[in-house]
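Containing mmCIF, C-alpha atoms: model_10.cif.
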```cif
data_protein
loop_
_atom_site.label_atom_id
_atom_site.label_comp_id
_atom_site.auth_asym_id
_atom_site.auth_seq_id
_atom_site.Cartn_x
_atom_site.Cartn_y
_atom_site.Cartn_z
CA MET A 134 124.66 88.76 90.39
CA SER A 135 122.85 91.98 91.24
CA LYS A 136 124.91 94.44 93.21
CA LEU A 137 121.92 94.70 95.53
CA ASN A 138 122.46 91.16 96.82
CA THR A 139 126.24 90.85 96.72
CA PRO A 140 128.02 90.05 100.01
CA LEU A 141 130.27 92.60 101.64
CA PRO A 142 133.60 92.65 99.74
CA ASP A 143 136.98 91.46 101.06
CA ALA A 144 140.15 93.58 100.79
CA ALA A 145 141.03 92.38 97.27
CA SER A 146 137.50 93.01 96.06
CA GLN A 147 137.55 96.47 97.63
CA ASP A 148 140.76 97.31 95.75
CA LYS A 149 139.26 96.11 92.47
CA GLU A 150 136.05 98.04 93.14
CA ALA A 151 138.07 101.19 93.88
CA GLU A 152 139.95 100.74 90.59
CA PHE A 153 136.62 100.25 88.81
CA GLU A 154 135.23 103.45 90.34
CA LYS A 155 138.36 105.38 89.35
CA LEU A 156 138.03 104.17 85.76
CA LYS A 157 134.33 105.03 85.71
CA GLN A 158 135.02 108.58 86.93
CA ASN A 159 137.75 108.97 84.32
CA ILE A 160 135.47 107.89 81.47
CA HIS A 161 132.61 110.01 82.75
CA SER A 162 134.91 113.06 82.92
CA LYS A 163 136.04 112.47 79.34
CA LEU A 164 132.41 112.12 78.27
CA VAL A 165 131.57 115.48 79.90
CA ASP A 166 134.54 117.08 78.10
CA LYS A 167 133.56 115.51 74.79
CA LEU A 168 129.84 116.40 74.82
CA ASP A 169 127.69 119.36 75.72
CA LEU A 170 125.57 117.76 78.44
CA SER A 171 123.82 120.95 79.49
CA HIS A 172 120.78 120.01 77.43
CA VAL A 173 120.73 116.29 78.12
CA GLY A 174 117.66 116.62 80.38
CA ASP A 175 115.77 118.37 77.58
CA LEU A 176 116.77 115.90 74.89
CA GLU A 177 116.63 112.70 76.91
CA GLY A 178 115.26 109.78 74.96
CA ASP A 179 116.11 106.31 73.68
CA VAL A 180 117.82 107.66 70.55
CA LEU A 181 120.07 110.05 72.45
CA ARG A 182 120.90 107.38 75.02
CA ARG A 183 121.93 104.97 72.27
CA GLU A 184 124.13 107.60 70.66
CA ILE A 185 125.88 108.46 73.90
CA ARG A 186 126.25 104.76 74.66
CA LEU A 187 128.31 104.45 71.45
CA VAL A 188 130.50 107.32 72.64
CA VAL A 189 131.03 105.64 76.01
CA GLU A 190 131.85 102.32 74.35
CA HIS A 191 134.45 104.10 72.21
CA LEU A 192 135.96 105.73 75.32
CA CYS A 193 136.17 102.30 76.96
CA ASP A 194 137.96 100.92 73.92
CA THR A 195 140.54 103.72 74.02
CA GLU A 196 141.32 103.05 77.68
CA ASN A 197 143.73 100.33 78.72
CA THR A 198 141.00 98.56 80.69
CA PHE A 199 141.26 95.43 82.81
CA LEU A 200 137.56 94.64 82.46
CA ASN A 201 135.91 91.48 81.20
CA ARG A 202 132.76 91.66 79.08
CA ASN A 203 130.31 91.75 82.02
CA GLU A 204 132.33 94.38 83.88
CA ARG A 205 132.60 96.48 80.73
CA ASP A 206 128.81 96.36 80.24
CA ARG A 207 128.31 97.28 83.89
CA LEU A 208 130.69 100.24 83.58
CA ILE A 209 128.91 101.54 80.47
CA ASP A 210 125.50 101.21 82.18
CA GLU A 211 126.71 103.04 85.29
CA VAL A 212 128.26 105.88 83.27
CA LEU A 213 124.94 106.27 81.43
CA ASP A 214 123.05 106.21 84.73
CA GLU A 215 125.37 108.91 86.03
CA THR A 216 124.74 111.00 82.92
CA PHE A 217 121.02 110.53 82.41
CA GLY A 218 119.66 109.30 85.70
CA LEU A 219 120.34 109.17 89.41
CA GLY A 220 123.65 107.34 89.45
CA PRO A 221 123.86 104.44 91.93
CA LEU A 222 120.15 104.82 92.73
CA GLU A 223 119.17 103.63 89.27
CA MET A 224 119.79 99.95 89.98
CA LEU A 225 117.62 100.14 93.11
CA LEU A 226 114.83 101.97 91.27
CA LYS A 227 114.77 99.15 88.72
CA GLU A 228 113.95 96.58 91.42
CA PRO A 229 110.11 96.45 91.57
CA LYS A 230 110.00 94.71 94.97
CA ILE A 231 111.82 97.54 96.75
CA SER A 232 109.25 99.74 98.47
CA GLU A 233 111.62 102.09 100.31
CA ILE A 234 115.20 103.28 99.87
CA MET A 235 117.02 104.75 102.87
CA ILE A 236 120.40 106.44 102.38
CA ASN A 237 122.29 107.20 105.60
CA GLY A 238 125.32 108.97 104.16
CA PRO A 239 127.20 107.92 101.02
CA LYS A 240 128.30 104.49 102.22
CA ASN A 241 125.19 103.16 103.99
CA VAL A 242 122.22 102.40 101.74
CA PHE A 243 119.32 100.31 103.06
CA VAL A 244 116.13 99.13 101.36
CA GLU A 245 112.84 97.66 102.40
CA ASN A 246 112.43 94.58 100.24
CA GLY A 247 109.32 92.45 100.70
CA GLY A 248 108.65 94.05 104.07
CA GLN A 249 112.17 93.39 105.39
CA LEU A 250 114.98 95.92 105.88
CA GLU A 251 118.33 94.96 104.40
CA LYS A 252 121.63 96.71 103.73
CA THR A 253 122.83 96.89 100.13
CA SER A 254 126.34 97.15 98.74
CA VAL A 255 125.30 100.22 96.71
CA THR A 256 127.44 103.24 97.61
CA PHE A 257 128.18 106.79 96.50
CA ARG A 258 131.73 108.05 96.10
CA ASP A 259 131.45 110.68 98.82
CA ASP A 260 129.14 113.34 100.26
CA LYS A 261 129.66 115.54 97.18
CA HIS A 262 128.53 112.76 94.84
CA LEU A 263 125.41 112.12 96.93
CA MET A 264 124.64 115.86 97.04
CA GLN A 265 124.84 116.01 93.23
CA ILE A 266 122.16 113.30 93.00
CA ILE A 267 119.98 115.08 95.59
CA ASP A 268 120.28 118.36 93.66
CA ARG A 269 119.33 116.55 90.46
CA ILE A 270 116.16 115.19 92.12
CA VAL A 271 114.96 118.39 93.80
CA SER A 272 115.79 120.77 90.96
CA LYS A 273 113.45 118.90 88.61
CA VAL A 274 110.47 119.83 90.82
CA GLY A 275 111.56 123.40 91.51
CA ARG A 276 112.89 122.77 95.02
CA ARG A 277 116.28 123.48 96.53
CA VAL A 278 118.40 122.14 99.34
CA ASP A 279 121.36 123.96 100.88
CA GLU A 280 122.64 125.18 104.25
CA ILE A 281 119.87 127.77 104.43
CA CYS A 282 117.18 125.21 103.57
CA PRO A 283 118.70 121.85 104.63
CA MET A 284 115.46 119.83 104.48
CA VAL A 285 113.35 119.22 101.38
CA ASP A 286 110.43 117.13 100.13
CA ALA A 287 110.38 116.24 96.45
CA ARG A 288 109.27 113.47 94.10
CA LEU A 289 110.64 111.33 91.32
CA GLN A 290 109.15 111.10 87.84
CA ASP A 291 107.33 107.87 88.74
CA GLY A 292 105.60 109.57 91.69
CA SER A 293 107.89 108.20 94.42
CA ARG A 294 108.16 110.52 97.41
CA VAL A 295 111.61 111.83 98.38
CA ASN A 296 112.77 113.44 101.62
CA ALA A 297 116.32 114.71 101.96
CA ILE A 298 118.15 116.29 104.88
CA ILE A 299 121.76 117.42 104.66
CA PRO A 300 124.54 118.62 106.98
CA PRO A 301 124.77 120.39 109.35
CA LEU A 302 121.46 118.82 110.44
CA ALA A 303 122.44 115.32 109.25
CA LEU A 304 125.64 114.52 111.15
CA ASP A 305 126.86 111.54 109.09
CA GLY A 306 126.37 112.99 105.64
CA PRO A 307 123.29 113.67 103.50
CA SER A 308 120.33 111.43 104.32
CA VAL A 309 117.67 110.51 101.74
CA THR A 310 114.48 108.52 102.13
CA ILE A 311 112.55 107.45 99.03
CA ARG A 312 109.04 106.04 99.42
CA ARG A 313 108.26 104.24 96.19
CA PHE A 314 104.81 103.98 94.64
CA GLY A 315 105.87 102.88 91.19
CA SER A 316 104.35 103.62 87.81
CA ASN A 317 101.71 100.90 88.27
CA PRO A 318 99.85 101.58 91.53
CA LEU A 319 98.39 98.65 93.44
CA LYS A 320 94.83 97.76 92.55
CA LEU A 321 92.13 96.31 94.76
CA GLU A 322 92.90 92.85 93.41
CA ASP A 323 96.45 93.21 94.70
CA LEU A 324 95.28 94.26 98.18
CA LEU A 325 92.94 91.25 98.26
CA ASN A 326 95.70 88.91 97.09
CA TYR A 327 98.00 90.26 99.82
CA LYS A 328 95.14 89.76 102.33
CA SER A 329 95.37 93.43 103.29
CA MET A 330 91.57 93.56 103.38
CA THR A 331 88.55 91.35 102.69
CA PRO A 332 85.97 91.38 99.87
CA GLU A 333 83.36 92.60 102.36
CA MET A 334 85.53 95.61 103.21
CA VAL A 335 85.98 96.34 99.52
CA MET A 336 82.21 96.23 98.92
CA LEU A 337 81.56 98.63 101.79
CA LEU A 338 84.31 101.09 100.81
CA GLU A 339 83.30 101.01 97.16
CA GLY A 340 79.73 101.81 98.19
CA ALA A 341 80.94 104.55 100.54
CA MET A 342 82.88 106.22 97.73
CA LYS A 343 79.98 106.02 95.29
CA ALA A 344 77.58 107.39 97.93
CA ARG A 345 79.98 110.28 98.54
CA LEU A 346 80.83 109.60 102.17
CA ASN A 347 83.72 111.59 103.63
CA ILE A 348 86.56 109.24 104.55
CA ILE A 349 89.76 109.66 106.56
CA ILE A 350 92.48 107.05 106.14
CA SER A 351 94.47 106.81 109.37
CA GLY A 352 97.74 105.00 109.95
CA GLY A 353 101.38 105.18 110.96
CA THR A 354 104.39 105.96 108.80
CA GLY A 355 104.75 103.43 105.98
CA SER A 356 101.45 101.71 106.76
CA GLY A 357 100.04 102.15 103.25
CA LYS A 358 97.77 105.19 103.65
CA THR A 359 98.59 106.73 100.28
CA THR A 360 98.37 103.37 98.52
CA LEU A 361 94.88 102.81 99.92
CA LEU A 362 93.83 106.38 99.09
CA ASN A 363 94.93 105.83 95.47
CA THR A 364 93.01 102.56 95.39
CA LEU A 365 89.78 103.99 96.82
CA SER A 366 89.94 106.89 94.38
CA SER A 367 89.37 104.42 91.54
CA PHE A 368 85.69 104.33 92.58
CA ILE A 369 85.22 108.05 91.92
CA SER A 370 83.13 108.80 88.85
CA ASN A 371 84.79 110.24 85.77
CA ASP A 372 82.12 112.96 85.83
CA ASP A 373 83.43 114.44 89.10
CA ARG A 374 85.81 117.40 89.19
CA ILE A 375 88.56 116.43 91.64
CA VAL A 376 91.06 118.83 93.21
CA THR A 377 94.08 117.26 94.94
CA ILE A 378 96.32 119.11 97.40
CA GLU A 379 99.72 117.72 98.39
CA ASP A 380 103.07 118.78 99.77
CA ALA A 381 104.85 116.63 97.19
CA ALA A 382 102.55 115.33 94.45
CA GLU A 383 102.39 111.55 94.65
CA LEU A 384 98.75 110.62 94.13
CA GLN A 385 98.06 108.69 90.93
CA LEU A 386 94.39 109.22 90.18
CA GLN A 387 93.02 107.82 86.93
CA GLN A 388 90.01 110.09 86.34
CA ASN A 389 89.73 112.57 83.47
CA HIS A 390 88.89 115.76 85.37
CA ILE A 391 91.65 116.35 87.94
CA VAL A 392 93.33 119.56 89.11
CA ARG A 393 96.56 118.83 90.97
CA LEU A 394 97.84 121.45 93.40
CA GLU A 395 101.16 121.35 95.27
CA THR A 396 102.39 123.50 98.14
CA ARG A 397 105.44 125.70 97.66
CA PRO A 398 108.22 126.34 100.18
CA PRO A 399 109.58 129.86 100.74
CA ASN A 400 112.30 131.12 98.43
CA ILE A 401 115.83 132.00 99.46
CA GLU A 402 114.55 135.29 100.91
CA GLY A 403 111.93 133.50 103.00
CA LYS A 404 109.07 134.71 100.83
CA GLY A 405 106.56 133.14 98.46
CA LYS A 406 105.44 130.22 100.63
CA ILE A 407 102.10 128.67 99.65
CA SER A 408 100.73 126.39 102.39
CA ALA A 409 98.14 123.62 102.24
CA THR A 410 95.74 125.98 104.03
CA ASP A 411 96.14 128.51 101.22
CA LEU A 412 95.44 125.83 98.62
CA VAL A 413 92.37 124.45 100.42
CA ARG A 414 90.86 127.92 100.64
CA ASN A 415 91.65 128.60 96.99
CA CYS A 416 90.29 125.28 95.74
CA LEU A 417 86.89 126.07 97.24
CA ARG A 418 86.63 128.74 94.52
CA MET A 419 87.42 126.18 91.82
CA ARG A 420 84.07 124.37 91.92
CA PRO A 421 85.42 121.00 93.10
CA ASP A 422 83.07 118.03 93.42
CA ARG A 423 85.59 116.27 95.64
CA ILE A 424 88.66 117.48 97.48
CA ILE A 425 91.51 115.09 98.20
CA ILE A 426 94.30 116.18 100.55
CA GLY A 427 97.30 113.87 100.46
CA GLU A 428 97.81 114.29 104.20
CA CYS A 429 96.29 116.56 106.84
CA ARG A 430 99.10 117.62 109.12
CA GLY A 431 98.30 121.15 110.25
CA PRO A 432 95.93 124.12 110.13
CA GLU A 433 94.45 123.04 106.77
CA THR A 434 92.50 120.40 108.71
CA LEU A 435 89.92 122.93 109.86
CA ASP A 436 89.38 124.21 106.32
CA MET A 437 89.09 120.63 105.06
CA LEU A 438 86.44 119.74 107.63
CA GLN A 439 84.50 122.90 106.84
CA ALA A 440 84.62 122.00 103.15
CA MET A 441 83.29 118.51 103.96
CA ASN A 442 80.46 120.18 105.86
CA THR A 443 79.53 122.61 103.08
CA GLY A 444 78.70 120.52 100.05
CA HIS A 445 81.97 118.82 99.14
CA ASP A 446 80.86 115.30 100.05
CA GLY A 447 82.99 112.36 99.02
CA SER A 448 86.25 114.00 100.03
CA LEU A 449 89.29 112.05 101.17
CA THR A 450 92.39 112.66 103.26
CA THR A 451 94.90 110.81 105.41
CA CYS A 452 96.38 111.46 108.84
CA HIS A 453 98.96 109.91 111.13
CA ALA A 454 97.38 107.93 113.98
CA ASN A 455 97.52 104.40 115.37
CA THR A 456 93.78 103.86 116.01
CA PRO A 457 90.51 105.48 114.84
CA ARG A 458 90.05 107.07 118.26
CA ASP A 459 93.60 108.45 118.08
CA ALA A 460 92.74 109.85 114.65
CA ILE A 461 89.96 111.92 116.23
CA ALA A 462 92.37 113.27 118.84
CA ARG A 463 94.87 114.04 116.08
CA LEU A 464 92.23 116.00 114.15
CA GLU A 465 91.45 118.02 117.29
CA THR A 466 95.13 118.83 117.76
CA MET A 467 95.52 119.96 114.15
CA ILE A 468 92.41 122.15 114.37
CA MET A 469 93.93 123.89 117.38
CA MET A 470 97.09 124.52 115.30
CA SER A 471 95.02 126.86 113.12
CA GLY A 472 95.02 129.40 115.95
CA PHE A 473 91.24 129.64 115.79
CA GLU A 474 89.87 129.36 119.31
CA MET A 475 86.97 126.93 119.31
CA PRO A 476 85.28 125.22 122.27
CA MET A 477 86.05 121.50 122.47
CA ARG A 478 82.40 120.53 121.98
CA ALA A 479 82.10 122.73 118.88
CA MET A 480 85.31 121.24 117.53
CA ARG A 481 84.09 117.68 118.03
CA THR A 482 80.70 118.52 116.55
CA GLN A 483 82.50 119.80 113.46
CA ILE A 484 84.44 116.54 113.16
CA ALA A 485 81.42 114.31 113.82
CA SER A 486 79.28 116.06 111.21
CA ALA A 487 82.05 116.16 108.58
CA VAL A 488 83.58 112.67 108.76
CA ASP A 489 81.57 109.52 108.00
CA LEU A 490 84.22 106.79 108.03
CA ILE A 491 87.71 106.24 109.40
CA VAL A 492 89.70 103.48 107.71
CA GLN A 493 92.62 102.40 109.90
CA VAL A 494 95.69 100.83 108.29
CA ASN A 495 98.70 99.47 110.14
CA ARG A 496 102.05 97.95 109.28
CA LEU A 497 102.34 94.85 111.47
CA SER A 498 105.30 92.76 112.66
CA GLY A 499 107.34 91.40 109.78
CA GLY A 500 106.00 93.88 107.26
CA PRO A 501 102.38 92.97 106.30
CA ARG A 502 100.05 95.95 105.94
CA LYS A 503 96.43 95.47 106.94
CA VAL A 504 93.22 97.44 107.12
CA THR A 505 92.79 96.89 110.86
CA ALA A 506 89.50 98.76 111.33
CA VAL A 507 86.66 100.28 109.32
CA THR A 508 84.96 102.58 111.81
CA GLU A 509 81.79 104.64 111.42
CA ILE A 510 81.35 107.97 113.16
CA LEU A 511 77.76 108.17 114.43
CA GLY A 512 77.65 111.65 115.93
CA MET A 513 77.87 113.28 119.35
CA GLU A 514 76.73 112.03 122.74
CA GLN A 515 77.21 114.86 125.24
CA ASP A 516 80.86 115.87 124.67
CA THR A 517 82.03 112.58 123.16
CA ILE A 518 82.19 111.50 119.52
CA VAL A 519 80.41 108.16 119.21
CA MET A 520 82.07 105.58 116.95
CA GLN A 521 81.43 101.95 116.06
CA ASP A 522 83.69 99.39 114.39
CA ILE A 523 82.14 97.61 111.42
CA PHE A 524 85.14 95.46 110.49
CA THR A 525 88.34 94.81 112.44
CA TYR A 526 91.57 92.83 112.21
CA GLU A 527 92.92 91.03 115.28
CA GLN A 528 96.53 89.87 115.40
CA GLU A 529 96.98 86.45 117.02
CA GLY A 530 100.76 86.22 116.95
CA VAL A 531 103.64 85.79 114.50
CA ASP A 532 104.68 82.91 112.27
CA GLU A 533 108.11 81.24 112.07
CA ASN A 534 109.34 84.12 109.88
CA GLY A 535 108.26 86.78 112.37
CA ARG A 536 105.32 87.94 110.25
CA ALA A 537 102.10 88.83 112.00
CA VAL A 538 99.18 86.42 111.64
CA GLY A 539 95.59 86.97 112.66
CA HIS A 540 92.04 87.22 111.35
CA PHE A 541 89.52 89.74 110.05
CA MET A 542 86.28 90.08 111.97
CA SER A 543 82.85 91.38 111.11
CA THR A 544 81.48 92.88 114.33
CA GLY A 545 77.84 92.21 113.41
CA ILE A 546 76.98 95.93 113.28
CA ARG A 547 75.08 97.19 110.26
CA PRO A 548 76.26 100.72 109.34
CA SER A 549 73.74 103.48 109.87
CA PHE A 550 74.54 104.95 106.44
CA ILE A 551 73.19 101.92 104.53
CA PRO A 552 70.06 103.89 103.45
CA ARG A 553 72.36 106.54 102.01
CA LEU A 554 74.20 103.88 100.02
CA GLU A 555 70.93 102.46 98.74
CA SER A 556 69.75 105.91 97.65
CA HIS A 557 72.82 105.99 95.38
CA GLY A 558 72.02 102.56 93.93
CA VAL A 559 74.46 100.62 96.12
CA ARG A 560 72.96 97.53 97.72
CA LEU A 561 75.04 95.36 100.00
CA PRO A 562 73.95 91.89 101.18
CA ALA A 563 72.91 91.72 104.83
CA SER A 564 75.21 88.69 105.21
CA ALA A 565 78.25 90.97 104.71
CA PHE A 566 77.72 92.36 108.22
CA ARG A 567 76.94 89.08 110.01
CA GLU A 568 79.16 88.66 113.08
CA ARG A 569 81.89 86.16 112.21
CA VAL A 570 85.53 85.58 111.39
CA MET A 571 85.79 86.57 107.71
CA LEU A 572 89.37 85.65 106.78
CA ARG A 573 92.44 84.18 108.46
CA ASP A 574 96.07 84.66 107.42
#
```
Kindly present the structure from the file in structure tokens form.
Amino acid sequence: MSKLNTPLPDAASQDKEAEFEKLKQNIHSKLVDKLDLSHVGDLEGDVLRREIRLVVEHLCDTENTFLNRNERDRLIDEVLDETFGLGPLEMLLKEPKISEIMINGPKNVFVENGGQLEKTSVTFRDDKHLMQIIDRIVSKVGRRVDEICPMVDARLQDGSRVNAIIPPLALDGPSVTIRRFGSNPLKLEDLLNYKSMTPEMVMLLEGAMKARLNIIISGGTGSGKTTLLNTLSSFISNDDRIVTIEDAAELQLQQNHIVRLETRPPNIEGKGKISATDLVRNCLRMRPDRIIIGECRGPETLDMLQAMNTGHDGSLTTCHANTPRDAIARLETMIMMSGFEMPMRAMRTQIASAVDLIVQVNRLSGGPRKVTAVTEILGMEQDTIVMQDIFTYEQEGVDENGRAVGHFMSTGIRPSFIPRLESHGVRLPASAFRERVMLRD
């Protein structure tokens, strides 16, 4: 049985587990004494792992162990995970259905599995053990975490996003949140199979990408913004030069001509910080055809909008907001964070002329993620940005499992940018925009 799904242990099981952990630490310590592990990260590979596995098996044989065959195999695997990988996290990272891992101190590890939160029986020995794993993660991407810098964003080798915060800010021990994207990002077929969107939405968004419309993906935390951004990027031509800007690189674009840029935090002396604003301004000198910012969250928003307005059509970004209208207000707030005083009307005119589409995604009750609105920005009317919904999703209630159910609607509005799509060879059937219920859960 997977340790992920095992029930909470009784007293006897706890004693046996403690004895198992003690034996594992003893064997791992002997392995460290026996081998020079300082270069393991450089030499890591299947051959080296097999060789060290033989050493661990020999150490197990020399111990007076109480283990049966399955327990012995588990101990060897966990010692190898501790040596090569991320210790107790490895078994969770091997579970493809886990989309998020949340560590609240060494003894409380939760996961989101199939849209539902559940506690696992995975634990770390103590705060020190958990800190060793955090250091192993952040050091691989040139970051650090300590009392001076107790918060850090990093990433795993498979692109999963990692956030860690440690004492004294985290009161109950180091806290780690891992947002998993996996080595095989979701494709449009997957989003259609999950009923996250409809074929009509896909046709419109594919056309919008090919016609180089500027798109903002809006949604709450964990709603699937980055997943959708990765998916939409598949429609970008291989001939385009793409520059991506992220705080922690997690985008998985498949094109040939990509320049990936990542922000840098200040060093231990508080110097050397490179912000997203710095990278946006620099990338404008790199002849990008498209600019993709993983998430607009501050002053870089103004530079991004100006880039959209000055020949970098077809750019993409995400922002945190619950509705398309809230996304506009969020953009205004982030522009003001730049410290550049701009009249409200001028600010809104900048947004209205730069952004063509807002795609709203939401995580609904019970875990399903839906594209809940595809909204066109038409322009300005007096001091107000005029918007119109093309497609929407309306929740009707929840099923017996507490999962949201509802239907996708076509509002009957034909987008004003259809001629622009047609000029790029994209022709959509008029029936796609006929007012109707398109799909029910």
**Message:** Which residues, named as in the file, does the PyMOL selection byres ((chain A and resi 382) around 10) pick out? Answer as a PyMOL selection string.
**Reply:** chain A and resi 274+286-289+292-294+377-381+383-385+393-396+427
Can you pull out the residues contacting Asn400 of chain A? Cut-off 10 Å, using only C-alpha atoms, and skip same-chain residues under 3 positions away; I want them as an mmCIF file with C-alpha atoms, keeping the file's coordinate frame.
```
data_model
loop_
_atom_site.group_PDB
_atom_site.id
_atom_site.type_symbol
_atom_site.label_atom_id
_atom_site.label_comp_id
_atom_site.auth_asym_id
_atom_site.auth_seq_id
_atom_site.Cartn_x
_atom_site.Cartn_y
_atom_site.Cartn_z
ATOM 1 C CA ARG A 276 112.890 122.770 95.020
ATOM 2 C CA ARG A 277 116.280 123.480 96.530
ATOM 3 C CA CYS A 282 117.180 125.210 103.570
ATOM 4 C CA ARG A 397 105.440 125.700 97.660
ATOM 5 C CA GLY A 403 111.930 133.500 103.000
ATOM 6 C CA LYS A 404 109.070 134.710 100.830
ATOM 7 C CA GLY A 405 106.560 133.140 98.460
ATOM 8 C CA LYS A 406 105.440 130.220 100.630
#
```
**Message:** Starting from the PyMOL selection byres ((chain A and resi 229) around 12), expand the selection into actual residues of this file and give them as a ChimeraX atom specification.
**Reply:** /A:223-228,230-234,244-247,313-318
**Message:** One decimal, in Å: what's the spacing between atom CA of Gln387 of chain A and atom CA of Ser367 of chain A?
**Reply:** 6.8 Å
**Asked** Where does the PyMOL selection byres ((chain A and resi 305) around 10) land in this file, that is, which residues does it pick, as a list in words?
**Response**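 So the PyMOL selection byres ((chain A and resi 305) around 10) ends up selecting Asn237, Gly238, Pro239, Lys240, Asn241, Asp260, Ile299, Pro300, Pro301, Leu302, Ala303, Leu304, Gly306, Pro307 and Ser308 of chain A.
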**Message:** Give me, as a list in words, all polymer residues having an atom no more than 12 Å from Gly535 of chain A, counting all atoms listed in the file and skipping those fewer than 3 positions away in the same chain.
**Reply:**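 Residues near the query, excluding close chain neighbours: Gly248, Gln249, Leu497, Ser498, Gly499, Gly500, Pro501, Gly530, Val531, Asp532 and Val538 of chain A.
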**Message:** Neighbouring residues of Leu511 of chain A were defined as those with any atom within 10 Å, considering only C-alpha atoms; residues of the same chain fewer than 3 positions away were excluded. Please report them as an NGL selection string.
**Reply:** :A and (485-486 or 488-490 or 508 or 514 or 518-521 or 548-550)
**Message:** Calculated over all atoms listed in the file, which of the candidates A:Glu428, A:Glu204, A:Glu322, A:Asp373 has the smallest distance to Gly353 of chain A?
**Reply:**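 Distance minimum relative to Gly353 of chain A lands on A:Glu428.
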**Message:** If I take atom CA of Val295 of chain A and atom CA of Ile311 of chain A, how far is one from the other in Å, to one decimal?
**Reply:**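 We find that atom CA of Val295 of chain A and atom CA of Ile311 of chain A lie 4.5 Å from each other.
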Please report, as JSON, the centre and edge lengths in Å to one decimal of an axis-aligned box covering all listed atoms of segment 436-444 of chain A with 5 Å per side.
```
{"center_x": 84.0, "center_y": 121.4, "center_z": 103.8, "size_x": 20.7, "size_y": 15.7, "size_z": 17.6}
```
